[in-house]
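Source file data.tsv; content: TSV, C-alpha atoms.
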```tsv
chain	number	residue	atom	x	y	z
T	1	MET	CA	-0.60	-34.27	-18.36
T	2	MET	CA	-0.05	-32.97	-14.82
T	3	THR	CA	-3.04	-31.76	-12.85
T	4	ARG	CA	-2.68	-28.15	-11.68
T	5	ALA	CA	-3.62	-27.45	-8.08
T	6	TYR	CA	-6.34	-24.98	-7.20
T	7	ASN	CA	-3.76	-22.57	-5.77
T	8	PHE	CA	-5.16	-20.12	-3.19
T	9	ASN	CA	-1.82	-19.53	-1.44
T	10	ALA	CA	-1.38	-16.09	0.15
T	11	GLY	CA	2.17	-15.68	-1.13
T	12	PRO	CA	4.26	-16.83	-2.83
T	13	ALA	CA	1.16	-17.27	-4.89
T	14	ALA	CA	-0.22	-18.38	-8.24
T	15	ILE	CA	1.63	-17.38	-11.41
T	16	PRO	CA	-0.21	-17.57	-14.76
T	17	LEU	CA	0.28	-20.92	-16.46
T	18	GLU	CA	1.03	-19.14	-19.74
T	19	VAL	CA	3.87	-17.29	-18.02
T	20	LEU	CA	5.33	-20.46	-16.53
T	21	LYS	CA	5.26	-22.17	-19.92
T	22	LYS	CA	6.94	-19.20	-21.60
T	23	ALA	CA	9.66	-19.20	-18.94
T	24	GLN	CA	10.06	-22.95	-19.38
T	25	GLU	CA	10.59	-22.49	-23.12
T	26	GLN	CA	13.28	-19.86	-22.55
T	27	PHE	CA	14.83	-21.32	-19.41
T	28	VAL	CA	17.88	-23.03	-20.90
T	29	ASP	CA	18.47	-20.71	-23.86
T	30	TYR	CA	17.25	-17.13	-23.61
T	31	LYS	CA	16.77	-15.60	-27.08
T	32	GLY	CA	19.56	-17.61	-28.67
T	33	ALA	CA	22.20	-16.48	-26.15
T	34	GLY	CA	23.25	-20.08	-25.46
T	35	MET	CA	22.55	-19.62	-21.78
T	36	SER	CA	19.77	-18.99	-19.30
T	37	ILE	CA	18.94	-15.44	-18.26
T	38	MET	CA	20.07	-16.53	-14.78
T	39	GLU	CA	23.58	-17.08	-16.13
T	40	MET	CA	24.14	-13.85	-18.03
T	41	SER	CA	25.71	-10.63	-16.85
T	42	HIS	CA	23.33	-7.99	-15.60
T	43	ARG	CA	25.49	-5.55	-17.59
T	44	SER	CA	24.76	-7.37	-20.85
T	45	ALA	CA	22.61	-5.76	-23.53
T	46	LEU	CA	20.10	-8.64	-23.34
T	47	TYR	CA	19.52	-8.26	-19.62
T	48	GLU	CA	19.44	-4.46	-19.75
T	49	GLN	CA	16.67	-4.84	-22.32
T	50	VAL	CA	14.68	-7.00	-19.87
T	51	ASN	CA	15.28	-4.47	-17.09
T	52	ASN	CA	14.15	-1.54	-19.25
T	53	GLU	CA	11.16	-3.36	-20.74
T	54	THR	CA	9.93	-4.39	-17.29
T	55	GLN	CA	9.98	-0.79	-16.11
T	56	ALA	CA	8.34	0.44	-19.33
T	57	LEU	CA	5.55	-2.15	-19.16
T	58	LEU	CA	4.81	-1.25	-15.54
T	59	ARG	CA	4.66	2.44	-16.50
T	60	GLU	CA	2.26	1.68	-19.32
T	61	LEU	CA	-0.07	-0.65	-17.42
T	62	PHE	CA	-0.23	1.38	-14.20
T	63	GLY	CA	-0.25	4.80	-15.85
T	64	ILE	CA	2.87	5.95	-14.02
T	65	PRO	CA	3.64	9.62	-14.77
T	66	GLU	CA	7.00	10.70	-16.18
T	67	ASN	CA	8.05	12.38	-12.93
T	68	TYR	CA	8.24	9.02	-11.13
T	69	HIS	CA	11.02	6.46	-10.97
T	70	VAL	CA	10.31	2.74	-11.21
T	71	LEU	CA	12.81	0.82	-9.08
T	72	LEU	CA	13.31	-2.96	-9.04
T	73	LEU	CA	14.89	-3.75	-5.67
T	74	GLN	CA	15.54	-6.66	-3.33
T	75	GLY	CA	14.60	-7.39	0.29
T	76	GLY	CA	10.82	-7.57	-0.02
T	77	ALA	CA	8.32	-5.08	1.32
T	78	SER	CA	9.76	-5.75	4.80
T	79	THR	CA	12.94	-3.91	3.79
T	80	GLN	CA	10.82	-1.01	2.57
T	81	PHE	CA	9.31	-0.73	6.05
T	82	ALA	CA	12.74	0.55	7.12
T	83	MET	CA	14.04	2.04	3.88
T	84	LEU	CA	11.08	4.38	3.56
T	85	PRO	CA	11.55	6.19	6.90
T	86	LEU	CA	15.34	6.17	6.47
T	87	ASN	CA	14.84	8.17	3.28
T	88	LEU	CA	11.79	10.30	4.06
T	89	LEU	CA	11.44	10.77	7.83
T	90	ARG	CA	12.63	14.22	8.98
T	91	PRO	CA	13.35	15.50	12.51
T	92	GLY	CA	10.28	17.11	14.04
T	93	LYS	CA	8.09	15.77	11.22
T	94	PRO	CA	6.62	12.38	12.23
T	95	GLY	CA	5.71	9.60	9.90
T	96	ALA	CA	1.92	9.14	10.08
T	97	TYR	CA	0.63	5.56	9.86
T	98	VAL	CA	-2.85	4.14	9.28
T	99	MET	CA	-3.18	1.04	11.47
T	100	THR	CA	-5.22	-1.62	9.67
T	101	GLY	CA	-3.63	-4.91	10.70
T	102	ALA	CA	-0.46	-6.96	10.90
T	103	TRP	CA	1.38	-5.47	7.92
T	104	ALA	CA	0.63	-1.86	8.85
T	105	ASP	CA	1.83	-2.70	12.36
T	106	LYS	CA	5.14	-4.08	11.07
T	107	ALA	CA	5.69	-0.97	8.97
T	108	LEU	CA	5.01	1.26	11.98
T	109	LYS	CA	7.37	-0.69	14.25
T	110	GLU	CA	10.24	-0.31	11.79
T	111	ALA	CA	9.61	3.42	11.41
T	112	LYS	CA	9.75	3.82	15.19
T	113	GLN	CA	13.33	2.54	15.04
T	114	VAL	CA	14.20	5.45	12.74
T	115	GLY	CA	12.32	8.44	14.13
T	116	ASP	CA	9.06	9.94	15.35
T	117	THR	CA	5.75	8.39	14.32
T	118	VAL	CA	2.06	9.00	14.90
T	119	VAL	CA	-1.04	6.86	14.33
T	120	ALA	CA	-3.31	8.74	11.92
T	121	ALA	CA	-6.17	6.22	12.25
T	122	THR	CA	-6.75	2.73	13.62
T	123	THR	CA	-9.42	0.06	13.35
T	124	GLU	CA	-8.03	-2.06	16.18
T	125	ALA	CA	-11.31	-1.68	18.13
T	126	ASP	CA	-12.97	-3.61	15.27
T	127	LYS	CA	-10.21	-6.25	15.33
T	128	PHE	CA	-8.92	-4.79	12.06
T	129	MET	CA	-11.89	-6.24	10.20
T	130	ARG	CA	-12.53	-2.99	8.36
T	131	MET	CA	-10.63	-0.12	6.78
T	132	PRO	CA	-11.10	3.36	8.24
T	133	SER	CA	-13.25	5.91	6.44
T	134	MET	CA	-11.51	8.90	4.93
T	135	SER	CA	-12.91	11.14	7.70
T	136	GLU	CA	-11.27	8.97	10.39
T	137	ILE	CA	-7.77	9.58	9.02
T	138	VAL	CA	-6.22	12.59	10.75
T	139	VAL	CA	-2.78	13.62	9.48
T	140	PRO	CA	-0.65	16.16	11.38
T	141	ASP	CA	0.16	19.24	9.29
T	142	GLN	CA	3.89	18.70	9.79
T	143	ALA	CA	3.93	14.95	8.95
T	144	SER	CA	6.77	13.70	6.74
T	145	TYR	CA	4.32	11.36	4.99
T	146	LEU	CA	1.15	9.30	5.47
T	147	HIS	CA	1.64	5.54	5.16
T	148	LEU	CA	-1.12	3.00	4.55
T	149	THR	CA	-1.44	-0.65	3.57
T	150	SER	CA	-3.87	-0.81	0.65
T	151	ASN	CA	-4.80	-4.46	1.25
T	152	GLU	CA	-4.37	-6.48	4.44
T	153	THR	CA	-3.87	-10.12	3.49
T	154	ILE	CA	-4.49	-11.54	6.97
T	155	GLY	CA	-7.79	-9.84	7.74
T	156	GLY	CA	-8.96	-9.72	4.14
T	157	THR	CA	-9.64	-5.97	4.06
T	158	GLN	CA	-8.92	-3.45	1.31
T	159	PHE	CA	-9.15	0.30	0.83
T	160	SER	CA	-11.77	1.16	-1.80
T	161	GLU	CA	-10.62	4.81	-1.90
T	162	PHE	CA	-7.56	6.72	-0.75
T	163	PRO	CA	-7.14	9.91	1.27
T	164	VAL	CA	-6.14	13.18	-0.38
T	165	THR	CA	-3.08	14.42	1.50
T	166	GLY	CA	-2.12	17.61	-0.34
T	167	ASP	CA	1.56	18.45	0.12
T	168	ILE	CA	2.13	15.52	2.49
T	169	PRO	CA	3.31	12.50	0.45
T	170	LEU	CA	0.92	9.55	0.48
T	171	VAL	CA	2.78	6.24	0.73
T	172	ALA	CA	1.18	2.83	0.10
T	173	ASP	CA	2.31	-0.73	0.63
T	174	MET	CA	0.48	-2.38	-2.29
T	175	SER	CA	2.23	-5.74	-2.04
T	176	SER	CA	-0.97	-7.76	-2.20
T	177	ASP	CA	-3.12	-5.76	-4.62
T	178	ILE	CA	-0.86	-3.89	-7.02
T	179	LEU	CA	-2.20	-4.04	-10.61
T	180	SER	CA	-5.45	-5.64	-9.41
T	181	ARG	CA	-7.34	-2.43	-10.27
T	182	PRO	CA	-6.58	0.94	-11.85
T	183	ILE	CA	-5.05	3.50	-9.44
T	184	ASP	CA	-4.25	7.19	-9.91
T	185	VAL	CA	-0.53	6.95	-9.20
T	186	SER	CA	-0.18	10.75	-9.15
T	187	LYS	CA	-2.01	10.82	-5.79
T	188	PHE	CA	0.91	8.95	-4.21
T	189	GLY	CA	4.46	9.92	-3.35
T	190	VAL	CA	5.59	6.30	-3.05
T	191	ILE	CA	4.03	2.93	-3.88
T	192	TYR	CA	5.91	-0.25	-3.06
T	193	ALA	CA	5.12	-3.93	-3.51
T	194	GLY	CA	6.78	-7.29	-3.08
T	195	ALA	CA	6.31	-9.24	-6.30
T	196	GLN	CA	5.26	-12.61	-4.91
T	197	LYS	CA	1.49	-12.07	-4.87
T	198	ASN	CA	0.48	-10.23	-8.04
T	199	LEU	CA	3.64	-9.54	-10.04
T	200	GLY	CA	5.58	-12.80	-10.20
T	201	PRO	CA	7.92	-14.83	-7.98
T	202	SER	CA	9.56	-13.69	-4.77
T	203	GLY	CA	12.91	-11.95	-4.99
T	204	VAL	CA	12.10	-8.54	-6.46
T	205	THR	CA	10.30	-5.55	-4.96
T	206	VAL	CA	8.83	-2.73	-7.03
T	207	VAL	CA	9.14	0.84	-5.74
T	208	ILE	CA	7.36	3.65	-7.60
T	209	ILE	CA	8.62	6.97	-6.25
T	210	ARG	CA	8.19	10.61	-7.24
T	211	ASP	CA	11.32	12.43	-8.41
T	212	ASP	CA	11.35	15.07	-5.68
T	213	LEU	CA	11.29	12.38	-2.97
T	214	VAL	CA	14.23	10.56	-4.55
T	215	LYS	CA	16.29	13.74	-4.33
T	216	GLU	CA	15.61	13.96	-0.59
T	217	SER	CA	17.53	10.76	0.19
T	218	PRO	CA	19.97	11.70	3.00
T	219	LYS	CA	23.66	11.13	2.29
T	220	THR	CA	24.07	9.88	5.86
T	221	ILE	CA	22.50	6.47	5.21
T	222	PRO	CA	24.31	3.59	3.44
T	223	ALA	CA	24.23	3.72	-0.37
T	224	MET	CA	22.19	0.51	-0.71
T	225	PHE	CA	19.40	2.02	1.37
T	226	ARG	CA	19.16	5.28	-0.58
T	227	TYR	CA	16.46	5.51	-3.23
T	228	GLU	CA	18.71	7.93	-5.11
T	229	THR	CA	21.36	5.24	-5.55
T	230	HIS	CA	18.99	2.91	-7.38
T	231	ALA	CA	17.24	5.65	-9.35
T	232	LYS	CA	20.56	6.91	-10.76
T	233	SER	CA	21.58	3.40	-11.86
T	234	SER	CA	18.17	2.33	-13.23
T	235	SER	CA	18.06	-0.44	-10.57
T	236	LEU	CA	21.42	-1.85	-11.72
T	237	TYR	CA	23.61	-0.49	-8.92
T	238	ASN	CA	24.40	-4.05	-7.83
T	239	THR	CA	23.51	-7.49	-9.18
T	240	PRO	CA	19.70	-7.56	-9.43
T	241	PRO	CA	17.42	-10.59	-8.92
T	242	SER	CA	17.56	-11.07	-12.66
T	243	PHE	CA	15.35	-14.13	-13.04
T	244	SER	CA	12.64	-12.62	-10.83
T	245	VAL	CA	12.71	-9.39	-12.86
T	246	TYR	CA	12.42	-11.42	-16.06
T	247	MET	CA	9.42	-13.28	-14.63
T	248	VAL	CA	7.77	-9.98	-13.66
T	249	SER	CA	8.19	-8.80	-17.26
T	250	LEU	CA	6.35	-11.92	-18.46
T	251	VAL	CA	3.53	-11.36	-15.93
T	252	LEU	CA	3.19	-7.73	-17.02
T	253	GLN	CA	2.97	-8.81	-20.65
T	254	TRP	CA	0.30	-11.35	-19.63
T	255	ILE	CA	-1.73	-8.56	-17.97
T	256	LYS	CA	-1.39	-6.45	-21.12
T	257	ASP	CA	-2.53	-9.36	-23.29
T	258	LYS	CA	-5.56	-9.82	-21.00
T	259	GLY	CA	-6.68	-6.26	-21.76
T	260	GLY	CA	-4.82	-4.33	-19.08
T	261	VAL	CA	-5.53	-3.50	-15.46
T	262	ALA	CA	-9.18	-2.47	-15.94
T	263	ALA	CA	-9.95	-5.84	-17.54
T	264	ILE	CA	-8.10	-7.62	-14.74
T	265	GLU	CA	-10.17	-5.74	-12.15
T	266	GLN	CA	-13.43	-6.94	-13.71
T	267	TYR	CA	-12.06	-10.49	-13.86
T	268	ASN	CA	-11.16	-10.26	-10.16
T	269	ARG	CA	-14.64	-9.00	-9.28
T	270	ASP	CA	-16.24	-11.86	-11.21
T	271	LYS	CA	-14.02	-14.38	-9.39
T	272	THR	CA	-14.51	-13.13	-5.86
T	273	LYS	CA	-18.25	-12.60	-6.32
T	274	LEU	CA	-18.64	-16.38	-6.68
T	275	ILE	CA	-17.07	-17.01	-3.27
T	276	TYR	CA	-18.57	-14.05	-1.40
T	277	GLU	CA	-22.05	-15.01	-2.64
T	278	THR	CA	-21.49	-18.57	-1.44
T	279	ILE	CA	-20.62	-17.19	2.01
T	280	ASP	CA	-23.52	-14.71	2.13
T	281	GLN	CA	-26.11	-17.23	0.89
T	282	SER	CA	-25.06	-20.00	3.27
T	283	GLY	CA	-27.58	-19.04	5.98
T	284	GLY	CA	-24.80	-18.46	8.49
T	285	PHE	CA	-22.91	-21.71	7.86
T	286	TYR	CA	-20.06	-19.59	6.51
T	287	VAL	CA	-19.41	-16.17	8.05
T	288	GLY	CA	-17.24	-13.56	6.34
T	289	CYS	CA	-14.62	-11.99	8.61
T	290	ALA	CA	-14.17	-8.57	7.00
T	291	GLN	CA	-16.97	-6.02	7.18
T	292	PRO	CA	-18.75	-5.95	3.78
T	293	GLN	CA	-17.69	-2.42	2.82
T	294	SER	CA	-14.03	-3.32	3.37
T	295	ARG	CA	-13.95	-6.73	1.72
T	296	SER	CA	-10.84	-7.49	-0.27
T	297	LEU	CA	-10.77	-8.60	-3.90
T	298	MET	CA	-7.50	-10.39	-3.16
T	299	ASN	CA	-7.99	-12.24	0.14
T	300	ILE	CA	-11.34	-13.68	1.19
T	301	THR	CA	-11.45	-14.53	4.90
T	302	PHE	CA	-14.25	-16.55	6.48
T	303	ARG	CA	-15.13	-18.85	9.36
T	304	ILE	CA	-17.32	-21.90	9.98
T	305	GLN	CA	-19.21	-22.44	13.29
T	306	SER	CA	-16.48	-24.58	14.89
T	307	GLU	CA	-12.73	-25.04	14.60
T	308	GLU	CA	-13.36	-28.76	14.24
T	309	LEU	CA	-15.38	-28.14	11.06
T	310	GLU	CA	-12.74	-25.72	9.78
T	311	LYS	CA	-10.05	-28.39	10.18
T	312	LYS	CA	-12.29	-30.84	8.35
T	313	PHE	CA	-12.83	-28.24	5.59
T	314	VAL	CA	-9.08	-27.77	5.13
T	315	LYS	CA	-8.38	-31.52	5.13
T	316	GLU	CA	-11.12	-32.35	2.63
T	317	SER	CA	-10.25	-29.39	0.41
T	318	GLU	CA	-6.65	-30.56	0.21
T	319	GLN	CA	-7.84	-34.01	-0.83
T	320	GLU	CA	-9.75	-32.34	-3.68
T	321	GLY	CA	-6.69	-30.45	-4.93
T	322	PHE	CA	-7.18	-27.11	-3.15
T	323	VAL	CA	-4.07	-25.49	-1.68
T	324	GLY	CA	-3.67	-22.63	0.80
T	325	LEU	CA	-7.17	-22.35	2.32
T	326	LYS	CA	-6.07	-22.44	5.94
T	327	GLY	CA	-6.22	-18.99	7.57
T	328	HIS	CA	-3.12	-17.17	8.79
T	329	ARG	CA	-1.67	-18.72	11.95
T	330	ASP	CA	-2.27	-15.47	13.92
T	331	VAL	CA	-6.04	-15.41	13.34
T	332	GLY	CA	-7.10	-18.89	12.27
T	333	GLY	CA	-10.21	-19.48	10.20
T	334	LEU	CA	-10.12	-19.88	6.44
T	335	ARG	CA	-8.74	-17.74	3.63
T	336	ALA	CA	-8.82	-17.90	-0.15
T	337	SER	CA	-6.32	-15.62	-1.86
T	338	THR	CA	-7.66	-14.75	-5.30
T	339	TYR	CA	-4.80	-12.78	-6.84
T	340	ASN	CA	-4.71	-11.81	-10.52
T	341	ALA	CA	-3.27	-15.14	-11.65
T	342	VAL	CA	-5.86	-17.31	-9.87
T	343	PRO	CA	-8.14	-18.52	-12.69
T	344	LEU	CA	-11.91	-18.13	-12.68
T	345	GLU	CA	-12.16	-21.92	-12.88
T	346	SER	CA	-10.41	-22.27	-9.51
T	347	CYS	CA	-12.94	-19.92	-7.89
T	348	GLN	CA	-15.84	-21.77	-9.52
T	349	ALA	CA	-14.44	-25.03	-8.17
T	350	LEU	CA	-14.05	-23.55	-4.67
T	351	ALA	CA	-17.60	-22.16	-4.64
T	352	GLN	CA	-18.88	-25.60	-5.64
T	353	PHE	CA	-16.77	-27.34	-3.00
T	354	MET	CA	-18.04	-24.91	-0.32
T	355	ALA	CA	-21.66	-25.58	-1.31
T	356	ASP	CA	-21.10	-29.35	-1.24
T	357	PHE	CA	-19.31	-29.16	2.11
T	358	GLN	CA	-22.23	-27.25	3.59
T	359	LYS	CA	-24.71	-29.84	2.32
T	360	ARG	CA	-22.72	-32.62	3.98
T	361	ASN	CA	-22.06	-30.80	7.25
T	362	GLY	CA	-24.77	-28.17	7.65
```
Mind turning the file's structure into structure tokens?
Amino acid sequence: MMTRAYNFNAGPAAIPLEVLKKAQEQFVDYKGAGMSIMEMSHRSALYEQVNNETQALLRELFGIPENYHVLLLQGGASTQFAMLPLNLLRPGKPGAYVMTGAWADKALKEAKQVGDTVVAATTEADKFMRMPSMSEIVVPDQASYLHLTSNETIGGTQFSEFPVTGDIPLVADMSSDILSRPIDVSKFGVIYAGAQKNLGPSGVTVVIIRDDLVKESPKTIPAMFRYETHAKSSSLYNTPPSFSVYMVSLVLQWIKDKGGVAAIEQYNRDKTKLIYETIDQSGGFYVGCAQPQSRSLMNITFRIQSEELEKKFVKESEQEGFVGLKGHRDVGGLRASTYNAVPLESCQALAQFMADFQKRNG
């Protein structure tokens, strides 16, 4: 029997063991086809069924209204940073961006290549260690849309509520916390997410977009970058990342079997509480990076008094089977990513390791 690592990688990240085993069973021969799903035509009835079921499951679990398209695209969220303004930015109507850290910054920089932008709020003065309050977000009346990053993986911050934007479409990059908690999708014009944190392996990107915004895709941009192209073809305009889509369908079924998104949210709260309490009860040995009201359920960031001790923590944790606890290279420190598929047992083991490490080094 192989020993599974305690996987706290920030992405690509943990995938449920049950999902991996199911994929292993079907890897060589998918449903009696005599071939792997990776080998079959994306125009085949079997693959079209996977494509349709994946979209239907996402609609069911996330409560996506009928007047939204579910697109399964390629290029990661980084492509959406450009694709979004290409489709939705209008002359004289800037794209408004909430600046909350590295990923929001990348989205803004790409939009600037396309057209006019404005910063609707920023927490840079607090080193992006908190999310702005709703009252801090100021959106121009003529804005094309308001863009935010629901969860910043590097700083470990997360929006607990979302602004009401009226007729201005609200757009969210939910790459690192999609399906981690129930969301009212009808408040958003667009939600997009790379799969490799909460939905499955890398290779596929989910875009949830309201019908009226799809119809606004300009004919002046290349077909592959128009949302309308993919909506009309049910995400089968060109060869899709078929194996990744199949894996997402298995993850969605796993979430459904676990009781749905509300049950997953409670599971996530139970997991992260173990680690946050270890930090808060350490008497200052561990210090959380994010301000308490903005703490993420997906990425727990923390420091120890010295970089020397942090290096020791990483080295000893790796010897004990923990993976991915080193902080992002841009900020240092330590980070535990506790996405949906990270088991409670891994978080219990980490909390215990942290307590033992403090006893030995405090």
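When CA of Ile15 (chain T) is paired with CA of Gly76 (chain T), their separation reads 17.6 Å.
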* Select, from T:Ala355, T:Pro240, T:Lys93, T:Asp257, the residue with the minimum atom-to-atom distance to Ile279 (chain T), counting all atoms listed in the file. =>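 Smallest distance to Ile279 (chain T) is found for T:Ala355.
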* All residues 9 Å or closer to region 241-250 of chain T, all atoms listed in the file, same chain fewer than 4 positions away omitted, as a PyMOL selection string -> chain T and resi 19-20+22-23+37-38+40+42+47+50-51+53-55+57-58+72-74+195+199-204+254-255
* To do: Pick out the residues sitting within 9 Å of Gln80 (chain T), and hand them over as a count of residues only; count all atoms listed in the file, and ignore anything fewer than 5 positions along from it in its own chain.
  => 8
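CA of Ser346 (chain T) is positioned 12.5 Å from CA of Thr3 (chain T).
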* Asked: Neighbours of Glu216 (chain T) within 10 Å (only C-alpha atoms; same-chain residues fewer than 6 positions away dropped), as a VMD selection string?
  -> chain T and resid 87 to 89 226 to 228
* Asked: Do you know which residues are at most 12 Å from Asp330 (chain T) counting only C-alpha atoms, after dropping those on the same chain fewer than 5 positions away, and could you put them as JSON, numbers by chain?
  -> {"T": [101, 102, 153, 154, 155]}
* Pick the closest to Ser217 (chain T) from T:Leu86, T:Met134, T:Ala262, T:Val190: which is it, counting all atoms listed in the file? ->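 Comparing T:Leu86, T:Met134, T:Ala262, T:Val190 against Ser217 (chain T), the winner is T:Leu86.
When only C-alpha atoms are used to measure the gap to Ala10 (chain T), the shortest distance among T:Gly284, T:Gly321, T:Pro292, T:Gly156 belongs to T:Gly156.
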* To do: Pick out the closest residue to Arg90 (chain T) from this set: T:Ser296, T:Gln142, T:Gln305, T:Asn7. Count all atoms listed in the file.
  => T:Gln142
If the box runs along x, y and z of the file and leaves 4 Å on each side of region 239-254 of chain T, what are its centre and edge lengths in Å, one decimal, as AutoDock Vina command-line options?
```
--center_x 11.9 --center_y -10.8 --center_z -14.8 --size_x 31.2 --size_y 14.6 --size_z 19.7
```
* Asked: Counting only C-alpha atoms, which of T:Tyr97, T:Thr79, T:Ile209, T:Phe313 gets nearest to Phe225 (chain T)?
  -> T:Thr79
* Asked: Counting all atoms listed in the file, which of T:Tyr286, T:Tyr339, T:Phe322, T:Tyr68 gets nearest to Asn361 (chain T)?
  -> T:Tyr286
* To do: Would you work out the distance separating CA of Asp141 (chain T) from CA of Lys187 (chain T), expressed in Å to one decimal?
  =>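 These atoms are spaced 17.4 Å apart.
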